[in-house]
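Below is one structure, written out as structure tokens; the observations come after it.
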Amino acid sequence: MIWAFLFAFCSTVGFSILFHVPKKHIASAGLVGGLGWLTYTYFIASGSGSVLACFAGSCIVAIISDLFSRAFKDAATIFVIPGILPLVPGAGMYYTMLAILEGDIEKTASTGTETILMAGSIAVALLVVASVTKLLAQTGRKLLTYFRR
Amino acid sequence: MINQMQKKVLILALRAGELMMKSGAEIYRVEDTITRICKACKIPYVEVFATPTGIFLSLDEGSEDSDMHTFIKRIKGSSIDLEKISQINHFSREFTSTDLSIDAGLSILKNIAGSRPYPFLLRVFGAALVSSFFALIFQGTIKDFFCAFFAGACSYALSVLLDKIETNLFIRGFCCCAAASLIALSLFSMGLGSNLNSVIIGSIMIFLPGVALTNGVRDTLAGDMVSGSSKGIEAVIIAVSIASGVGVAIKLWTLLGGVF
């Protein structure tokens, strides 16, 4: 588990270098990626399917990125883009391609569907977290102005 | 006739928007930045419509005898540069909250536009880090770690080279992933790796369309359907190019008598 976190941390740092994340944010971007992948492995280890695990991991990435963007007063994109990349199903794509090469239609369909669903779950997780945080921030601001009056 | 002040504001706002769009910002952030800059220069009527390939901007001073002016900025090519997004974010905040002159703003923007990404060798090292640690994540051994390190570095250097000669994104994804898997296959046949799958997965991780996917979702959520769907298509095309690159490379390898 600790190894999984460490590996994901290092590869997210690699992505941060590729995408020119500002130097002071590289470590926190790595932390976001590591925690997202840790959540994914935890869910896989506790017997959930990979789609659900991917969803949970992406949720964690989106939530922590949002917190960091508020804490550092910077765009959330800086943390989300490198952080989400370990969860993008590259392995699924590769195994789907292998199944196509072997001519195994059933395997192609099953791994391909899983890959597409994983990518979709990342998208849905980002959507859900962004909507909820927006709602929370708006109601928070309204309450604040209400109490000040 | 457009007056000089308006023209400078237009140039400043469009320049900031263009830089952000090229660095991979979301649509709402670009539109918001342009609107803020124009409003800070006391232009009451601003309408901006941004898509990944162009920005449309109309403004009007609002007085009796003023005309409305519309400008279009075509945006070509893009590369992800999160530092630029962060800097322009800070710039627009500073520009709106303090009374910075327009000329000073233009010179700051010129500085931001001139900032380079990390040096080439460091980026190659970053790509190598990504692929080698992903090989470890996918049950690779320490031997695979070094194979993936090499394959990732080579394929990333190839992608920079292909960017220089301006190939389109399909060809780039295809060539880089084919090269990565050929390198992995040949290293494997020399007996240097122990788990071929982990090496190939690690080295294609660099080219995955994660940015297009996340930004597409964020654009769709903000109501920018045009750019949301176009980024979705971009993600699909990149994914297809990666898969076909790997597939063609493996097929060629087996046809030429290599062991798989």
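Following the order of the structure tokens, chains are lettered A, B, ..., residues in each are numbered from 1, and ligands are numbered from 1.
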Based on only C-alpha atoms, which of the residues in chain A come within 7 Å of chain B? I want them as a list in words.
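Per the criterion, chain A yields Ala4, Phe7, Cys10, Ser11, Thr12, Gly14, Phe15, Ile17, Leu18, Phe19, His20, Val21, Pro22, Asp74, Ala75, Ile78, Ile81, Leu85, Val88, Gly90, Ala91, Met93, Tyr94, Met97, Leu101, Ala123 and Leu127 of chain A.
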Please provide the set of residues having any atom within 7 Å of Ala8 in chain A, restricted to only C-alpha atoms, with same-chain residues fewer than 5 positions apart removed, written as number ranges by chain.
A: 33-34, 37, 86
Write the residues of the preceding selection, restricted to N, CA and C atoms, as a JSON list (two decimals), in the first residue's frame.
[["chain", "number", "residue", "atom", "x", "y", "z"],
["A", 33, "GLY", "N", -1.84, 13.11, -6.62],
["A", 33, "GLY", "CA", -1.81, 11.90, -7.43],
["A", 33, "GLY", "C", -1.63, 10.66, -6.58],
["A", 34, "GLY", "N", -0.73, 10.74, -5.59],
["A", 34, "GLY", "CA", -0.47, 9.59, -4.74],
["A", 34, "GLY", "C", -1.70, 9.19, -3.94],
["A", 37, "TRP", "N", -4.36, 7.52, -6.17],
["A", 37, "TRP", "CA", -4.03, 6.13, -6.51],
["A", 37, "TRP", "C", -4.15, 5.24, -5.29],
["A", 86, "PRO", "N", -2.66, 9.19, -13.25],
["A", 86, "PRO", "CA", -2.44, 7.78, -12.91],
["A", 86, "PRO", "C", -3.71, 6.95, -13.04]]
What lies within 8 Å of Ser227 in chain B using only C-alpha atoms, ignoring chain neighbours under 3 positions off, as a short mmCIF file (atom, residue, chain, number, x, y, z; two decimals) with N, CA and C atoms, in the first residue's frame?
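part.cif, written as the output of this step:
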data_model
loop_
_atom_site.label_atom_id
_atom_site.label_comp_id
_atom_site.auth_asym_id
_atom_site.auth_seq_id
_atom_site.Cartn_x
_atom_site.Cartn_y
_atom_site.Cartn_z
N ILE B 27 -12.46 26.85 -20.69
CA ILE B 27 -13.08 27.95 -21.41
C ILE B 27 -13.57 29.04 -20.46
N THR B 51 -13.72 29.43 -27.95
CA THR B 51 -13.70 28.01 -28.26
C THR B 51 -12.23 27.59 -28.32
N PRO B 52 -11.92 26.29 -28.31
CA PRO B 52 -10.51 25.90 -28.31
C PRO B 52 -9.74 26.40 -29.52
N GLY B 216 -12.41 18.64 -20.88
CA GLY B 216 -13.68 18.45 -21.59
C GLY B 216 -14.82 18.39 -20.60
N ASP B 219 -15.43 21.87 -19.08
CA ASP B 219 -16.10 22.78 -20.02
C ASP B 219 -17.57 22.44 -20.14
N THR B 220 -17.87 21.14 -20.25
CA THR B 220 -19.27 20.74 -20.37
C THR B 220 -20.05 21.18 -19.15
N ASP B 224 -20.19 25.12 -21.63
CA ASP B 224 -19.56 25.36 -22.94
C ASP B 224 -19.57 24.06 -23.73
N SER B 230 -15.79 19.01 -28.32
CA SER B 230 -14.61 18.91 -29.19
C SER B 230 -13.44 18.32 -28.42
N LYS B 231 -13.33 18.63 -27.12
CA LYS B 231 -12.24 18.01 -26.35
C LYS B 231 -12.50 16.53 -26.10
#
Residue neighbourhood Pro89 in chain A, 7 Å, only C-alpha atoms, exclusion window fewer than 2 positions, as a PyMOL selection string:
chain A and resi 87+91-93+115+118-119
If DSSP is run on the backbone, what residues of range 81-201 of chain B are helix (DSSP H, G or I)? A reply as a ChimeraX atom specification would be ideal.
/B:82-97,102-114,120-137,142-164,169-189,196-201
Which residues, written as an NGL selection string, have at least one atom at most 6 Å from range 52-67 of chain A, with only C-alpha atoms counted and residues fewer than 4 positions away on the same chain left out?
:A and (32 or 36 or 39-40 or 43 or 76 or 79-80 or 121-122 or 125)
Residues as selected, N, CA and C atoms, written as an mmCIF file, in the first residue's frame, can you do that?
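Dumped to again06.cif:
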data_model
loop_
_atom_site.group_PDB
_atom_site.id
_atom_site.type_symbol
_atom_site.label_atom_id
_atom_site.label_comp_id
_atom_site.auth_asym_id
_atom_site.auth_seq_id
_atom_site.Cartn_x
_atom_site.Cartn_y
_atom_site.Cartn_z
ATOM 1 N N VAL A 32 -1.421 14.819 -4.395
ATOM 2 C CA VAL A 32 -2.770 14.597 -4.920
ATOM 3 C C VAL A 32 -2.819 13.288 -5.712
ATOM 4 N N GLY A 36 -4.862 9.836 -4.658
ATOM 5 C CA GLY A 36 -5.877 9.303 -5.573
ATOM 6 C C GLY A 36 -5.618 7.839 -5.870
ATOM 7 N N THR A 39 -6.309 5.566 -2.868
ATOM 8 C CA THR A 39 -7.734 5.266 -2.737
ATOM 9 C C THR A 39 -8.138 4.158 -3.705
ATOM 10 N N TYR A 40 -7.645 4.268 -4.945
ATOM 11 C CA TYR A 40 -7.957 3.259 -5.961
ATOM 12 C C TYR A 40 -7.506 1.884 -5.497
ATOM 13 N N PHE A 43 -9.658 0.481 -2.647
ATOM 14 C CA PHE A 43 -10.954 -0.034 -3.067
ATOM 15 C C PHE A 43 -10.802 -1.362 -3.791
ATOM 16 N N ALA A 76 -7.346 25.334 -9.743
ATOM 17 C CA ALA A 76 -7.432 23.920 -9.371
ATOM 18 C C ALA A 76 -6.831 23.023 -10.454
ATOM 19 N N PHE A 79 -3.522 21.140 -10.030
ATOM 20 C CA PHE A 79 -3.422 19.907 -9.261
ATOM 21 C C PHE A 79 -4.215 18.776 -9.907
ATOM 22 N N VAL A 80 -5.345 19.124 -10.543
ATOM 23 C CA VAL A 80 -6.199 18.062 -11.090
ATOM 24 C C VAL A 80 -5.527 17.362 -12.253
ATOM 25 N N SER A 121 -16.092 7.082 -15.577
ATOM 26 C CA SER A 121 -16.251 7.295 -14.138
ATOM 27 C C SER A 121 -15.373 8.449 -13.660
ATOM 28 N N ILE A 122 -14.194 8.608 -14.293
ATOM 29 C CA ILE A 122 -13.352 9.767 -13.948
ATOM 30 C C ILE A 122 -14.121 11.048 -14.250
ATOM 31 N N ALA A 125 -16.941 11.584 -11.816
ATOM 32 C CA ALA A 125 -16.462 11.967 -10.489
ATOM 33 C C ALA A 125 -16.079 13.442 -10.466
#
